[in-house]
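K.L.:
Quick one: the structure is below, and I'll ask about it shortly.
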Amino acid sequence: MAEVQKVMANAYKQLRIGDPLDSNSHVGPLIDTDAVKSYLHTIEEVKKSRW
């Protein structure tokens, strides 16, 4: 499992966050409160499953 976490962490470090209209951006802003809630929930789940 630790190897998968390392690979995923490395992959996410390479994502470019920015303007969704910029072709160099991989990820744009969160668009509404549901997206923010989902993001925060996912972060909490990852923290629980970590090491």
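Ligands are numbered from 1 in the order shown, residues from 1 within each chain, and chains are lettered A, B, ... in the order they appear in the structure tokens.
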Taking the DSSP secondary structure from the backbone, can you list the residues of chain A that are helix (DSSP H, G or I), as an mmCIF file with N, CA and C atoms, in the first residue's frame?

P.N.:
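Result file states09.cif:
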```cif
data_model
loop_
_atom_site.group_PDB
_atom_site.id
_atom_site.type_symbol
_atom_site.label_atom_id
_atom_site.label_comp_id
_atom_site.auth_asym_id
_atom_site.auth_seq_id
_atom_site.Cartn_x
_atom_site.Cartn_y
_atom_site.Cartn_z
ATOM 1 N N ALA A 2 1.957 1.257 0.736
ATOM 2 C CA ALA A 2 2.819 2.432 0.815
ATOM 3 C C ALA A 2 3.363 2.812 -0.563
ATOM 4 N N GLU A 3 3.651 1.835 -1.391
ATOM 5 C CA GLU A 3 4.167 2.120 -2.732
ATOM 6 C C GLU A 3 3.118 2.843 -3.573
ATOM 7 N N VAL A 4 1.871 2.420 -3.467
ATOM 8 C CA VAL A 4 0.774 3.081 -4.188
ATOM 9 C C VAL A 4 0.663 4.531 -3.718
ATOM 10 N N GLN A 5 0.765 4.759 -2.426
ATOM 11 C CA GLN A 5 0.683 6.122 -1.885
ATOM 12 C C GLN A 5 1.808 6.992 -2.426
ATOM 13 N N LYS A 6 3.000 6.442 -2.512
ATOM 14 C CA LYS A 6 4.141 7.198 -3.041
ATOM 15 C C LYS A 6 3.913 7.574 -4.508
ATOM 16 N N VAL A 7 3.437 6.610 -5.275
ATOM 17 C CA VAL A 7 3.188 6.859 -6.697
ATOM 18 C C VAL A 7 2.105 7.918 -6.874
ATOM 19 N N MET A 8 1.034 7.803 -6.101
ATOM 20 C CA MET A 8 -0.066 8.767 -6.196
ATOM 21 C C MET A 8 0.388 10.160 -5.758
ATOM 22 N N ALA A 9 1.141 10.242 -4.667
ATOM 23 C CA ALA A 9 1.634 11.531 -4.184
ATOM 24 C C ALA A 9 2.516 12.183 -5.242
ATOM 25 N N ASN A 10 3.378 11.414 -5.871
ATOM 26 C CA ASN A 10 4.246 11.946 -6.918
ATOM 27 C C ASN A 10 3.425 12.424 -8.114
ATOM 28 N N ALA A 11 2.411 11.673 -8.477
ATOM 29 C CA ALA A 11 1.558 12.059 -9.605
ATOM 30 C C ALA A 11 0.832 13.365 -9.313
ATOM 31 N N TYR A 12 0.286 13.491 -8.122
ATOM 32 C CA TYR A 12 -0.455 14.706 -7.775
ATOM 33 C C TYR A 12 0.447 15.929 -7.682
ATOM 34 N N LYS A 13 1.698 15.744 -7.306
ATOM 35 C CA LYS A 13 2.640 16.863 -7.253
ATOM 36 C C LYS A 13 2.880 17.460 -8.634
ATOM 37 N N THR A 33 -20.070 24.934 -3.351
ATOM 38 C CA THR A 33 -19.891 24.410 -1.994
ATOM 39 C C THR A 33 -19.894 22.886 -1.960
ATOM 40 N N ASP A 34 -20.633 22.245 -2.839
ATOM 41 C CA ASP A 34 -20.617 20.776 -2.884
ATOM 42 C C ASP A 34 -19.242 20.253 -3.285
ATOM 43 N N ALA A 35 -18.597 20.933 -4.215
ATOM 44 C CA ALA A 35 -17.250 20.525 -4.633
ATOM 45 C C ALA A 35 -16.268 20.702 -3.479
ATOM 46 N N VAL A 36 -16.402 21.789 -2.732
ATOM 47 C CA VAL A 36 -15.527 22.026 -1.580
ATOM 48 C C VAL A 36 -15.754 20.953 -0.525
ATOM 49 N N LYS A 37 -17.024 20.631 -0.229
ATOM 50 C CA LYS A 37 -17.338 19.599 0.761
ATOM 51 C C LYS A 37 -16.766 18.247 0.342
ATOM 52 N N SER A 38 -16.916 17.914 -0.926
ATOM 53 C CA SER A 38 -16.391 16.647 -1.432
ATOM 54 C C SER A 38 -14.873 16.605 -1.309
ATOM 55 N N TYR A 39 -14.222 17.695 -1.653
ATOM 56 C CA TYR A 39 -12.759 17.794 -1.552
ATOM 57 C C TYR A 39 -12.313 17.609 -0.104
ATOM 58 N N LEU A 40 -12.936 18.337 0.814
ATOM 59 C CA LEU A 40 -12.556 18.250 2.224
ATOM 60 C C LEU A 40 -12.816 16.854 2.793
ATOM 61 N N HIS A 41 -13.927 16.244 2.387
ATOM 62 C CA HIS A 41 -14.239 14.882 2.834
ATOM 63 C C HIS A 41 -13.166 13.907 2.344
ATOM 64 N N THR A 42 -12.770 14.042 1.111
ATOM 65 C CA THR A 42 -11.745 13.169 0.543
ATOM 66 C C THR A 42 -10.423 13.331 1.281
ATOM 67 N N ILE A 43 -10.053 14.563 1.593
ATOM 68 C CA ILE A 43 -8.818 14.809 2.334
ATOM 69 C C ILE A 43 -8.868 14.113 3.697
ATOM 70 N N GLU A 44 -9.991 14.214 4.393
ATOM 71 C CA GLU A 44 -10.138 13.563 5.696
ATOM 72 C C GLU A 44 -10.039 12.042 5.580
ATOM 73 N N GLU A 45 -10.622 11.472 4.547
ATOM 74 C CA GLU A 45 -10.548 10.022 4.332
ATOM 75 C C GLU A 45 -9.112 9.583 4.074
ATOM 76 N N VAL A 46 -8.383 10.363 3.306
ATOM 77 C CA VAL A 46 -6.973 10.044 3.034
ATOM 78 C C VAL A 46 -6.163 10.109 4.322
ATOM 79 N N LYS A 47 -6.410 11.136 5.130
ATOM 80 C CA LYS A 47 -5.688 11.259 6.396
ATOM 81 C C LYS A 47 -5.943 10.049 7.294
ATOM 82 N N LYS A 48 -7.170 9.555 7.337
ATOM 83 C CA LYS A 48 -7.518 8.394 8.166
ATOM 84 C C LYS A 48 -6.788 7.133 7.683
ATOM 85 N N SER A 49 -6.620 6.998 6.389
ATOM 86 C CA SER A 49 -6.041 5.773 5.830
ATOM 87 C C SER A 49 -4.524 5.830 5.742
#
```

K.L.:
Skipping near chain neighbours, those fewer than 2 positions away, what residues fall within 8 Å of A:His26 using only C-alpha atoms, listed as a tab-separated table (two decimals) with C-alpha atoms, in the first residue's frame?

P.N.:
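Output file part-v9.tsv is given in full below:
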```tsv
chain	number	residue	atom	x	y	z
A	15	LEU	CA	-0.62	18.52	-11.55
A	16	ARG	CA	-0.80	22.15	-12.57
A	17	ILE	CA	-3.64	24.03	-10.87
A	18	GLY	CA	-4.87	27.20	-12.50
A	20	PRO	CA	-9.51	26.21	-16.44
A	23	SER	CA	-4.54	24.44	-21.74
A	24	ASN	CA	-1.51	24.08	-19.44
A	28	GLY	CA	-9.28	24.43	-12.17
```
